[in-house]
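Next comes entry38.json, with JSON, C-alpha atoms.
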[["chain", "number", "residue", "atom", "x", "y", "z"],
["A", 212, "MET", "CA", 77.76, -5.71, 117.72],
["A", 213, "ARG", "CA", 79.71, -6.13, 120.92],
["A", 214, "SER", "CA", 82.74, -8.09, 122.05],
["A", 215, "LEU", "CA", 82.22, -10.77, 124.69],
["A", 216, "PHE", "CA", 85.88, -11.77, 124.62],
["A", 217, "PRO", "CA", 88.56, -9.17, 123.85],
["A", 218, "VAL", "CA", 89.21, -8.79, 120.14],
["A", 219, "THR", "CA", 92.95, -9.23, 120.39],
["A", 220, "ASP", "CA", 95.36, -11.81, 119.13],
["A", 221, "LEU", "CA", 99.07, -12.44, 119.08],
["A", 222, "THR", "CA", 99.81, -10.51, 115.91],
["A", 223, "THR", "CA", 97.23, -7.80, 115.30],
["A", 224, "THR", "CA", 95.85, -4.74, 117.01],
["A", 225, "ALA", "CA", 92.44, -4.49, 118.65],
["A", 226, "ALA", "CA", 89.44, -3.52, 116.57],
["A", 227, "ALA", "CA", 89.07, -0.21, 118.36],
["A", 228, "SER", "CA", 91.60, 2.11, 119.96],
["A", 229, "ASP", "CA", 89.54, 2.40, 123.15],
["A", 230, "PRO", "CA", 88.71, -1.07, 124.55],
["A", 231, "SER", "CA", 85.58, 0.32, 126.22],
["A", 232, "GLU", "CA", 84.13, 0.91, 122.76],
["A", 233, "LEU", "CA", 84.07, -2.85, 122.21],
["A", 234, "LEU", "CA", 81.40, -3.25, 124.89],
["A", 235, "THR", "CA", 78.84, -1.02, 123.19],
["A", 236, "ASP", "CA", 76.08, -2.24, 120.90],
["A", 237, "ARG", "CA", 76.72, -0.58, 117.53],
["A", 238, "GLU", "CA", 77.46, -1.52, 113.97],
["A", 239, "TRP", "CA", 81.17, -1.94, 113.54],
["A", 240, "SER", "CA", 82.78, -0.31, 110.56],
["A", 241, "LEU", "CA", 84.27, -2.54, 107.87],
["A", 242, "ASP", "CA", 87.70, -1.22, 108.83],
["A", 243, "GLU", "CA", 87.20, -2.34, 112.44],
["A", 244, "LEU", "CA", 86.09, -5.77, 111.29],
["A", 245, "ALA", "CA", 89.12, -5.99, 109.01],
["A", 246, "GLU", "CA", 91.42, -5.22, 111.96],
["A", 247, "ALA", "CA", 89.65, -7.75, 114.16],
["A", 248, "TYR", "CA", 89.97, -10.50, 111.55],
["A", 249, "ALA", "CA", 93.38, -9.60, 110.10],
["A", 250, "TYR", "CA", 95.61, -12.47, 109.05],
["A", 251, "PRO", "CA", 98.82, -13.01, 111.03],
["A", 252, "THR", "CA", 101.72, -10.89, 109.92],
["A", 253, "GLY", "CA", 105.15, -12.23, 109.11],
["A", 254, "LEU", "CA", 104.19, -15.40, 107.23],
["A", 255, "PRO", "CA", 107.36, -16.74, 105.56],
["A", 256, "ALA", "CA", 107.53, -16.34, 101.80],
["A", 257, "GLU", "CA", 108.16, -20.06, 101.32],
["A", 258, "GLY", "CA", 108.61, -23.33, 103.16],
["A", 259, "PRO", "CA", 106.57, -24.78, 106.06],
["A", 260, "GLY", "CA", 104.08, -22.41, 107.60],
["A", 261, "ASN", "CA", 104.01, -20.01, 104.66],
["A", 262, "ALA", "CA", 100.21, -20.25, 104.38],
["A", 263, "TRP", "CA", 97.40, -19.54, 106.81],
["A", 264, "LEU", "CA", 94.17, -21.46, 106.20],
["A", 265, "ARG", "CA", 91.06, -20.21, 107.94],
["A", 266, "ALA", "CA", 87.54, -21.53, 107.56],
["A", 267, "ASN", "CA", 84.33, -19.56, 107.80],
["A", 268, "MET", "CA", 81.21, -21.54, 108.66],
["A", 269, "VAL", "CA", 77.79, -21.07, 110.25],
["A", 270, "SER", "CA", 75.94, -23.54, 112.49],
["A", 271, "THR", "CA", 72.61, -23.62, 114.31],
["A", 272, "LEU", "CA", 72.37, -24.39, 118.01],
["A", 273, "ASP", "CA", 71.66, -28.03, 117.19],
["A", 274, "GLY", "CA", 74.60, -28.36, 114.83],
["A", 275, "ALA", "CA", 73.05, -27.88, 111.38],
["A", 276, "ALA", "CA", 75.33, -26.21, 108.84],
["A", 277, "GLN", "CA", 72.53, -25.78, 106.31],
["A", 278, "HIS", "CA", 68.77, -25.54, 105.96],
["A", 279, "ASP", "CA", 67.18, -26.83, 102.77],
["A", 280, "GLY", "CA", 70.69, -27.42, 101.45],
["A", 281, "ARG", "CA", 71.93, -23.85, 101.84],
["A", 282, "SER", "CA", 73.62, -21.83, 104.58],
["A", 283, "GLN", "CA", 71.87, -18.53, 103.88],
["A", 284, "PRO", "CA", 68.64, -19.35, 105.82],
["A", 285, "ILE", "CA", 70.58, -19.72, 109.08],
["A", 286, "SER", "CA", 72.72, -16.61, 108.52],
["A", 287, "CYS", "CA", 72.06, -12.93, 109.27],
["A", 288, "ALA", "CA", 73.15, -9.46, 108.13],
["A", 289, "ALA", "CA", 76.08, -9.28, 110.57],
["A", 290, "ASP", "CA", 77.24, -12.73, 109.50],
["A", 291, "MET", "CA", 77.24, -11.56, 105.88],
["A", 292, "ARG", "CA", 79.28, -8.47, 106.81],
["A", 293, "ILE", "CA", 81.89, -10.73, 108.39],
["A", 294, "PHE", "CA", 81.64, -13.09, 105.39],
["A", 295, "GLY", "CA", 82.41, -10.19, 103.06],
["A", 296, "THR", "CA", 85.24, -8.94, 105.27],
["A", 297, "LEU", "CA", 86.90, -12.35, 105.40],
["A", 298, "ARG", "CA", 86.74, -12.60, 101.63],
["A", 299, "ALA", "CA", 88.18, -9.13, 101.26],
["A", 300, "LEU", "CA", 91.19, -10.08, 103.39],
["A", 301, "ALA", "CA", 91.96, -13.34, 101.58],
["A", 302, "ASP", "CA", 94.21, -14.09, 98.64],
["A", 303, "VAL", "CA", 92.06, -17.07, 97.69],
["A", 304, "VAL", "CA", 88.66, -18.49, 98.62],
["A", 305, "ILE", "CA", 88.57, -22.30, 98.54],
["A", 306, "ALA", "CA", 85.31, -24.19, 98.10],
["A", 307, "GLY", "CA", 84.23, -27.67, 97.16],
["A", 308, "ALA", "CA", 82.44, -28.23, 93.86],
["A", 309, "GLY", "CA", 79.21, -29.23, 95.60],
["A", 310, "THR", "CA", 79.14, -25.99, 97.57],
["A", 311, "VAL", "CA", 79.90, -23.99, 94.43],
["A", 312, "ARG", "CA", 76.91, -25.58, 92.72],
["A", 313, "GLN", "CA", 74.49, -25.38, 95.69],
["A", 314, "GLU", "CA", 75.34, -21.82, 96.70],
["A", 315, "GLY", "CA", 75.56, -20.49, 93.14],
["A", 316, "TYR", "CA", 79.09, -19.17, 93.46],
["A", 317, "ARG", "CA", 80.06, -16.14, 91.44],
["A", 318, "PRO", "CA", 83.46, -14.44, 91.10],
["A", 319, "ALA", "CA", 84.62, -12.47, 94.12],
["A", 320, "ARG", "CA", 84.15, -8.77, 93.49],
["A", 321, "ALA", "CA", 86.43, -5.83, 94.16],
["A", 322, "ARG", "CA", 85.18, -3.68, 97.03],
["A", 323, "GLU", "CA", 86.21, -0.06, 97.32],
["A", 324, "ALA", "CA", 86.11, -0.21, 101.12],
["A", 325, "PHE", "CA", 89.03, -2.66, 101.11],
["A", 326, "ALA", "CA", 90.94, -1.42, 98.05],
["A", 327, "ALA", "CA", 93.62, 0.51, 99.95],
["A", 328, "ARG", "CA", 94.11, -2.30, 102.46],
["A", 329, "ARG", "CA", 94.55, -4.89, 99.70],
["A", 330, "ALA", "CA", 96.92, -2.66, 97.76],
["A", 331, "ALA", "CA", 99.06, -2.08, 100.86],
["A", 332, "ALA", "CA", 99.24, -5.85, 101.39],
["A", 333, "GLY", "CA", 100.34, -6.41, 97.79],
["A", 334, "GLN", "CA", 97.04, -8.08, 96.86],
["A", 335, "GLY", "CA", 95.01, -7.76, 93.70],
["A", 336, "PRO", "CA", 91.56, -6.13, 93.67],
["A", 337, "ALA", "CA", 89.74, -9.32, 94.65],
["A", 338, "PRO", "CA", 90.57, -12.84, 95.84],
["A", 339, "ALA", "CA", 90.69, -15.75, 93.44],
["A", 340, "ILE", "CA", 88.13, -18.54, 93.81],
["A", 341, "ALA", "CA", 89.60, -22.06, 93.96],
["A", 342, "VAL", "CA", 87.19, -24.93, 93.34],
["A", 343, "VAL", "CA", 88.24, -28.32, 94.72],
["A", 344, "THR", "CA", 86.97, -31.16, 92.53],
["A", 345, "GLY", "CA", 88.06, -34.61, 91.50],
["A", 346, "SER", "CA", 85.63, -35.06, 88.61],
["A", 347, "LEU", "CA", 85.55, -31.44, 87.35],
["A", 348, "ASP", "CA", 81.77, -31.79, 87.09],
["A", 349, "LEU", "CA", 81.34, -28.04, 86.66],
["A", 350, "ASP", "CA", 79.54, -25.75, 84.24],
["A", 351, "PHE", "CA", 82.38, -23.76, 82.72],
["A", 352, "SER", "CA", 79.95, -21.38, 81.00],
["A", 353, "LEU", "CA", 78.98, -19.82, 84.36],
["A", 354, "PRO", "CA", 80.21, -16.33, 85.36],
["A", 355, "LEU", "CA", 82.55, -17.90, 87.92],
["A", 356, "PHE", "CA", 84.68, -19.01, 84.98],
["A", 357, "THR", "CA", 83.80, -16.48, 82.28],
["A", 358, "GLU", "CA", 83.73, -13.19, 84.25],
["A", 359, "PRO", "CA", 86.27, -13.29, 87.13],
["A", 360, "LEU", "CA", 88.56, -10.36, 87.91],
["A", 361, "VAL", "CA", 91.31, -12.94, 88.40],
["A", 362, "PRO", "CA", 91.21, -16.42, 86.85],
["A", 363, "THR", "CA", 89.30, -19.04, 88.82],
["A", 364, "LEU", "CA", 91.41, -21.99, 89.90],
["A", 365, "VAL", "CA", 90.32, -25.61, 89.62],
["A", 366, "VAL", "CA", 92.13, -27.83, 92.14],
["A", 367, "THR", "CA", 92.10, -31.48, 91.17],
["A", 368, "GLY", "CA", 94.15, -34.67, 91.03],
["A", 369, "ALA", "CA", 96.63, -35.83, 88.40],
["A", 370, "GLY", "CA", 94.19, -38.52, 87.26],
["A", 371, "ALA", "CA", 91.25, -36.21, 86.64],
["A", 372, "PRO", "CA", 89.46, -36.67, 83.29],
["A", 373, "ALA", "CA", 91.65, -35.14, 80.58],
["A", 374, "ASP", "CA", 88.69, -33.77, 78.63],
["A", 375, "ARG", "CA", 87.41, -31.93, 81.70],
["A", 376, "ILE", "CA", 90.84, -30.47, 82.42],
["A", 377, "ALA", "CA", 90.97, -29.28, 78.81],
["A", 378, "ALA", "CA", 87.49, -27.75, 79.15],
["A", 379, "ALA", "CA", 88.51, -25.93, 82.33],
["A", 380, "ARG", "CA", 91.59, -24.47, 80.67],
["A", 381, "LYS", "CA", 89.63, -23.50, 77.56],
["A", 382, "ALA", "CA", 87.24, -21.58, 79.81],
["A", 383, "GLY", "CA", 90.17, -19.62, 81.25],
["A", 384, "ALA", "CA", 90.53, -21.45, 84.55],
["A", 385, "GLU", "CA", 93.93, -22.28, 85.98],
["A", 386, "VAL", "CA", 94.20, -25.99, 86.78],
["A", 387, "VAL", "CA", 96.14, -26.85, 89.94],
["A", 388, "ILE", "CA", 97.21, -30.47, 90.40],
["A", 389, "ALA", "CA", 97.21, -31.35, 94.09],
["A", 390, "GLY", "CA", 96.96, -35.11, 94.36],
["A", 391, "GLU", "CA", 97.34, -38.46, 92.72],
["A", 392, "GLY", "CA", 94.49, -40.15, 90.87],
["A", 393, "THR", "CA", 91.34, -38.06, 91.07],
["A", 394, "ARG", "CA", 91.65, -37.40, 94.78],
["A", 395, "VAL", "CA", 92.79, -34.00, 96.01],
["A", 396, "ASP", "CA", 95.24, -34.08, 98.91],
["A", 397, "PRO", "CA", 94.04, -31.22, 101.16],
["A", 398, "ALA", "CA", 97.46, -30.45, 102.66],
["A", 399, "ARG", "CA", 99.02, -30.45, 99.18],
["A", 400, "ALA", "CA", 96.27, -28.12, 97.94],
["A", 401, "VAL", "CA", 97.24, -25.62, 100.63],
["A", 402, "ARG", "CA", 100.90, -25.86, 99.59],
["A", 403, "GLU", "CA", 100.21, -25.60, 95.86],
["A", 404, "LEU", "CA", 98.11, -22.48, 96.32],
["A", 405, "ALA", "CA", 100.71, -20.94, 98.62],
["A", 406, "ASP", "CA", 103.40, -21.63, 96.01],
["A", 407, "ARG", "CA", 101.37, -19.43, 93.65],
["A", 408, "GLY", "CA", 101.51, -16.58, 96.16],
["A", 409, "LEU", "CA", 98.04, -17.31, 97.57],
["A", 410, "ARG", "CA", 99.04, -17.58, 101.21],
["A", 411, "ARG", "CA", 96.09, -15.94, 102.96],
["A", 412, "GLN", "CA", 93.61, -18.72, 102.41],
["A", 413, "LEU", "CA", 89.91, -18.90, 103.27],
["A", 414, "THR", "CA", 87.73, -21.98, 102.90],
["A", 415, "GLU", "CA", 83.96, -21.74, 102.96],
["A", 416, "GLY", "CA", 83.44, -25.49, 102.89],
["A", 417, "GLY", "CA", 81.28, -27.26, 102.39],
["A", 418, "PRO", "CA", 81.32, -29.70, 105.28],
["A", 419, "ARG", "CA", 83.01, -32.48, 103.34],
["A", 420, "LEU", "CA", 85.91, -30.28, 102.26],
["A", 421, "LEU", "CA", 86.30, -28.77, 105.72],
["A", 422, "GLY", "CA", 86.34, -32.27, 107.19],
["A", 423, "GLN", "CA", 89.21, -33.15, 104.86],
["A", 424, "PHE", "CA", 91.20, -30.11, 105.93],
["A", 425, "VAL", "CA", 90.56, -30.97, 109.59],
["A", 426, "ALA", "CA", 91.59, -34.61, 109.11],
["A", 427, "ALA", "CA", 94.79, -33.50, 107.35],
["A", 428, "GLY", "CA", 95.69, -31.11, 110.18],
["A", 429, "ALA", "CA", 95.79, -28.27, 107.66],
["A", 430, "LEU", "CA", 93.34, -25.87, 109.31],
["A", 431, "ASP", "CA", 94.87, -22.97, 111.26],
["A", 432, "GLU", "CA", 91.75, -21.02, 112.21],
["A", 433, "LEU", "CA", 87.98, -21.43, 112.35],
["A", 434, "CYS", "CA", 85.60, -18.47, 112.19],
["A", 435, "LEU", "CA", 82.29, -19.90, 113.38],
["A", 436, "THR", "CA", 78.95, -18.13, 113.49],
["A", 437, "LEU", "CA", 76.59, -19.75, 116.00],
["A", 438, "SER", "CA", 73.05, -19.05, 114.85],
["A", 439, "PRO", "CA", 70.35, -18.92, 117.59],
["A", 440, "MET", "CA", 68.13, -21.30, 115.63],
["A", 441, "LEU", "CA", 66.99, -24.90, 115.96],
["A", 442, "THR", "CA", 66.26, -26.92, 112.83],
["A", 443, "ALA", "CA", 66.25, -30.62, 113.86],
["A", 444, "GLY", "CA", 66.31, -32.84, 110.79],
["A", 445, "ASP", "CA", 69.42, -34.48, 109.41],
["A", 446, "ALA", "CA", 71.37, -31.51, 108.01],
["A", 447, "GLN", "CA", 75.14, -31.80, 107.80],
["A", 448, "ARG", "CA", 77.45, -30.50, 110.50],
["A", 449, "ILE", "CA", 80.07, -27.92, 109.54],
["A", 450, "ALA", "CA", 82.67, -30.70, 109.03],
["A", 451, "GLY", "CA", 81.96, -34.16, 107.68],
["A", 452, "GLY", "CA", 83.79, -37.30, 106.69],
["A", 453, "PRO", "CA", 85.87, -39.70, 108.79],
["A", 454, "GLY", "CA", 86.65, -38.61, 112.32],
["A", 455, "VAL", "CA", 90.13, -37.83, 113.59],
["A", 456, "ILE", "CA", 91.78, -40.26, 116.01],
["A", 457, "VAL", "CA", 92.56, -37.60, 118.60],
["A", 458, "PRO", "CA", 90.42, -34.44, 118.64],
["A", 459, "GLU", "CA", 92.50, -31.31, 118.14],
["A", 460, "ARG", "CA", 91.79, -28.53, 120.59],
["A", 461, "PHE", "CA", 91.54, -24.95, 119.33],
["A", 462, "ALA", "CA", 91.86, -21.79, 121.45],
["A", 463, "LEU", "CA", 89.29, -18.99, 121.47],
["A", 464, "ALA", "CA", 90.80, -15.81, 119.99],
["A", 465, "SER", "CA", 87.72, -13.57, 120.03],
["A", 466, "LEU", "CA", 83.97, -13.68, 120.46],
["A", 467, "LEU", "CA", 81.46, -11.14, 119.17],
["A", 468, "GLU", "CA", 77.67, -10.97, 119.60],
["A", 469, "GLU", "CA", 74.80, -9.34, 117.77],
["A", 470, "ASP", "CA", 71.08, -10.13, 118.10],
["A", 471, "GLY", "CA", 71.83, -13.48, 119.72],
["A", 472, "PHE", "CA", 74.27, -14.57, 117.01],
["A", 473, "LEU", "CA", 77.76, -15.41, 118.29],
["A", 474, "PHE", "CA", 80.79, -14.90, 116.07],
["A", 475, "GLY", "CA", 83.72, -16.91, 117.38],
["A", 476, "ARG", "CA", 87.26, -17.05, 116.10],
["A", 477, "TYR", "CA", 89.31, -20.09, 117.11],
["A", 478, "ARG", "CA", 92.96, -20.90, 116.41],
["A", 479, "ARG", "CA", 95.04, -24.03, 116.69],
["A", 480, "ARG", "CA", 96.76, -23.87, 120.04],
["A", 481, "ASP", "CA", 100.19, -24.18, 118.44],
["A", 482, "ALA", "CA", 99.45, -21.57, 115.74],
["A", 483, "ARG", "CA", 101.29, -18.28, 115.56]]

Could you write out this file's structure as structure tokens?
Amino acid sequence: MRSLFPVTDLTTTAAASDPSELLTDREWSLDELAEAYAYPTGLPAEGPGNAWLRANMVSTLDGAAQHDGRSQPISCAADMRIFGTLRALADVVIAGAGTVRQEGYRPARAREAFAARRAAAGQGPAPAIAVVTGSLDLDFSLPLFTEPLVPTLVVTGAGAPADRIAAARKAGAEVVIAGEGTRVDPARAVRELADRGLRRQLTEGGPRLLGQFVAAGALDELCLTLSPMLTAGDAQRIAGGPGVIVPERFALASLLEEDGFLFGRYRRRDAR
């Protein structure tokens, strides 16, 4: 892996002590990746700006976010290393119910390579998984709900079916109300999770959920893997749903490359 754009940002150190090392083709250590993708420091404990929401998505050259309904076929080993690193840095991983079902989500696992880093940051052994759903059409007998290191969260609206809320709680999930009716307000979801101490937030989509975060102006950072593949077809883009009135421009923070895959990190231009 090599850096095409310096791996620096406004709040963290570079991934290697010698910048010349970034130009060599080699497998980066997990510690180097963790430094390169570290969350901003100094987030306030409460109030506006106390959470940082980043998204991690993969796209082909022609804009497909999936192939045969899943993201794995357009991914690669380096992408999965970054995927695992981003999870290991987060307090909570947010995903839509459709993505949870399609990708077969399981509880996040504790990883020894990141244990000391998480402990130093005051984090538990693994991030929580937060499932965004209005209907709570979920199988609560799955390991995601029965075997997590930390309770899985179900983010829904105040008008969600009462029997499904009861089923979620019976399974051990924590129900987070973040909207009126059955609709989840994406900006409120960010706030509600932050109020529970889950301020380093990572969303893995899918495209519909990411589109909602984009439309709400809630996204701080996008980690985008550009896969050197062409799929054609009618696969979803990384963000779906209604378009925004004025496109919001993000700034490139870093760009890595391995085997033709590009790993970009973009931040809102007004972000810390």

Considering only C-alpha atoms, tabulate each residue of region 344-447 of chain A that lies at most 9 Å from region 247-264 of chain A along with its nearest interatomic pair and the corresponding distance in Å to one decimal; arrange the rows by chain and ascending residue number and present them as JSON lines.
{"residue": "A:Val401", "atom": "CA", "partner": "A:Ala262", "partner_atom": "CA", "distance": 7.2}
{"residue": "A:Arg402", "atom": "CA", "partner": "A:Ala262", "partner_atom": "CA", "distance": 7.4}
{"residue": "A:Leu404", "atom": "CA", "partner": "A:Ala262", "partner_atom": "CA", "distance": 8.6}
{"residue": "A:Ala405", "atom": "CA", "partner": "A:Ala262", "partner_atom": "CA", "distance": 5.8}
{"residue": "A:Asp406", "atom": "CA", "partner": "A:Glu257", "partner_atom": "CA", "distance": 7.3}
{"residue": "A:Gly408", "atom": "CA", "partner": "A:Ala256", "partner_atom": "CA", "distance": 8.3}
{"residue": "A:Leu409", "atom": "CA", "partner": "A:Ala262", "partner_atom": "CA", "distance": 7.7}
{"residue": "A:Arg410", "atom": "CA", "partner": "A:Ala262", "partner_atom": "CA", "distance": 4.3}
{"residue": "A:Arg411", "atom": "CA", "partner": "A:Trp263", "partner_atom": "CA", "distance": 5.4}
{"residue": "A:Gln412", "atom": "CA", "partner": "A:Leu264", "partner_atom": "CA", "distance": 4.7}
{"residue": "A:Leu413", "atom": "CA", "partner": "A:Leu264", "partner_atom": "CA", "distance": 5.8}
{"residue": "A:Thr414", "atom": "CA", "partner": "A:Leu264", "partner_atom": "CA", "distance": 7.3}
{"residue": "A:Ala429", "atom": "CA", "partner": "A:Leu264", "partner_atom": "CA", "distance": 7.2}
{"residue": "A:Leu430", "atom": "CA", "partner": "A:Leu264", "partner_atom": "CA", "distance": 5.5}
{"residue": "A:Asp431", "atom": "CA", "partner": "A:Leu264", "partner_atom": "CA", "distance": 5.3}
{"residue": "A:Glu432", "atom": "CA", "partner": "A:Leu264", "partner_atom": "CA", "distance": 6.5}
{"residue": "A:Leu433", "atom": "CA", "partner": "A:Leu264", "partner_atom": "CA", "distance": 8.7}

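Nearest to Glu238 (chain A) of all the residues A:Val395, A:Leu347, A:Leu297, A:Leu467 is A:Leu467, counting all atoms listed in the file.
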
Long-range neighbours of Asp290 (chain A) as a compact mmCIF listing (two decimals) with C-alpha atoms, in the frame of the given file, 9 Å cut-off, all atoms listed in the file, 5 positions minimum in chain:
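Heads up, here's the output in selection-v8.txt:
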# COMPACT_ATOMS: atom_id res chain seq x y z
CA VAL A 269 77.79 -21.07 110.25
CA GLY A 295 82.41 -10.19 103.06
CA THR A 436 78.95 -18.13 113.49
CA PHE A 472 74.27 -14.57 117.01
CA PHE A 474 80.79 -14.90 116.07

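In this model, the gap between CA of Asp348 (chain A) and CA of Ala319 (chain A) comes to 20.8 Å.
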
> Any idea what the distance is between CA of Cys434 (chain A) and CA of Met268 (chain A)?
Replying inline: 6.4 Å

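Around Thr271 (chain A), within 8 Å and counting only C-alpha atoms, the residues found are Ile285, Leu437, Ser438, Pro439, Met440, Leu441 and Thr442 of chain A, once anything fewer than 6 positions away on its own chain is removed.
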
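Rounded to one decimal, CA of Gly454 (chain A) and CA of Gly416 (chain A) lie 16.5 Å from each other.
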
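Neighbourhood of point (85.1, -21.2, 83.0): residues with an atom at most 6 Å away, counting only C-alpha atoms, are A:Phe351, A:Ser352, A:Phe356, A:Thr357, A:Ala379, A:Ala382, A:Gly383, A:Ala384.
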
> Using all atoms listed in the file, can you list as a PyMOL selection string the residues within 12 Å of (78.3, -26.4, 94.2)?
Replying inline: chain A and resi 280-281+305-317+342-344+347-350+353+355+415-420

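Closest approach to Ala339 (chain A) from the set A:Arg298, A:Ala443, A:Ala377, A:Gly274 is made by A:Arg298, with distances taken over only C-alpha atoms.
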
Produce the centre coordinates and the three edge lengths, each in Å to one decimal, of the box along x, y and z that contains all listed atoms of region 312-330 of chain A with 3 Å added on each side, as lines of an AutoDock Vina configuration file.
center_x = 85.7
center_y = -12.5
center_z = 96.8
size_x = 28.4
size_y = 32.1
size_z = 17.4
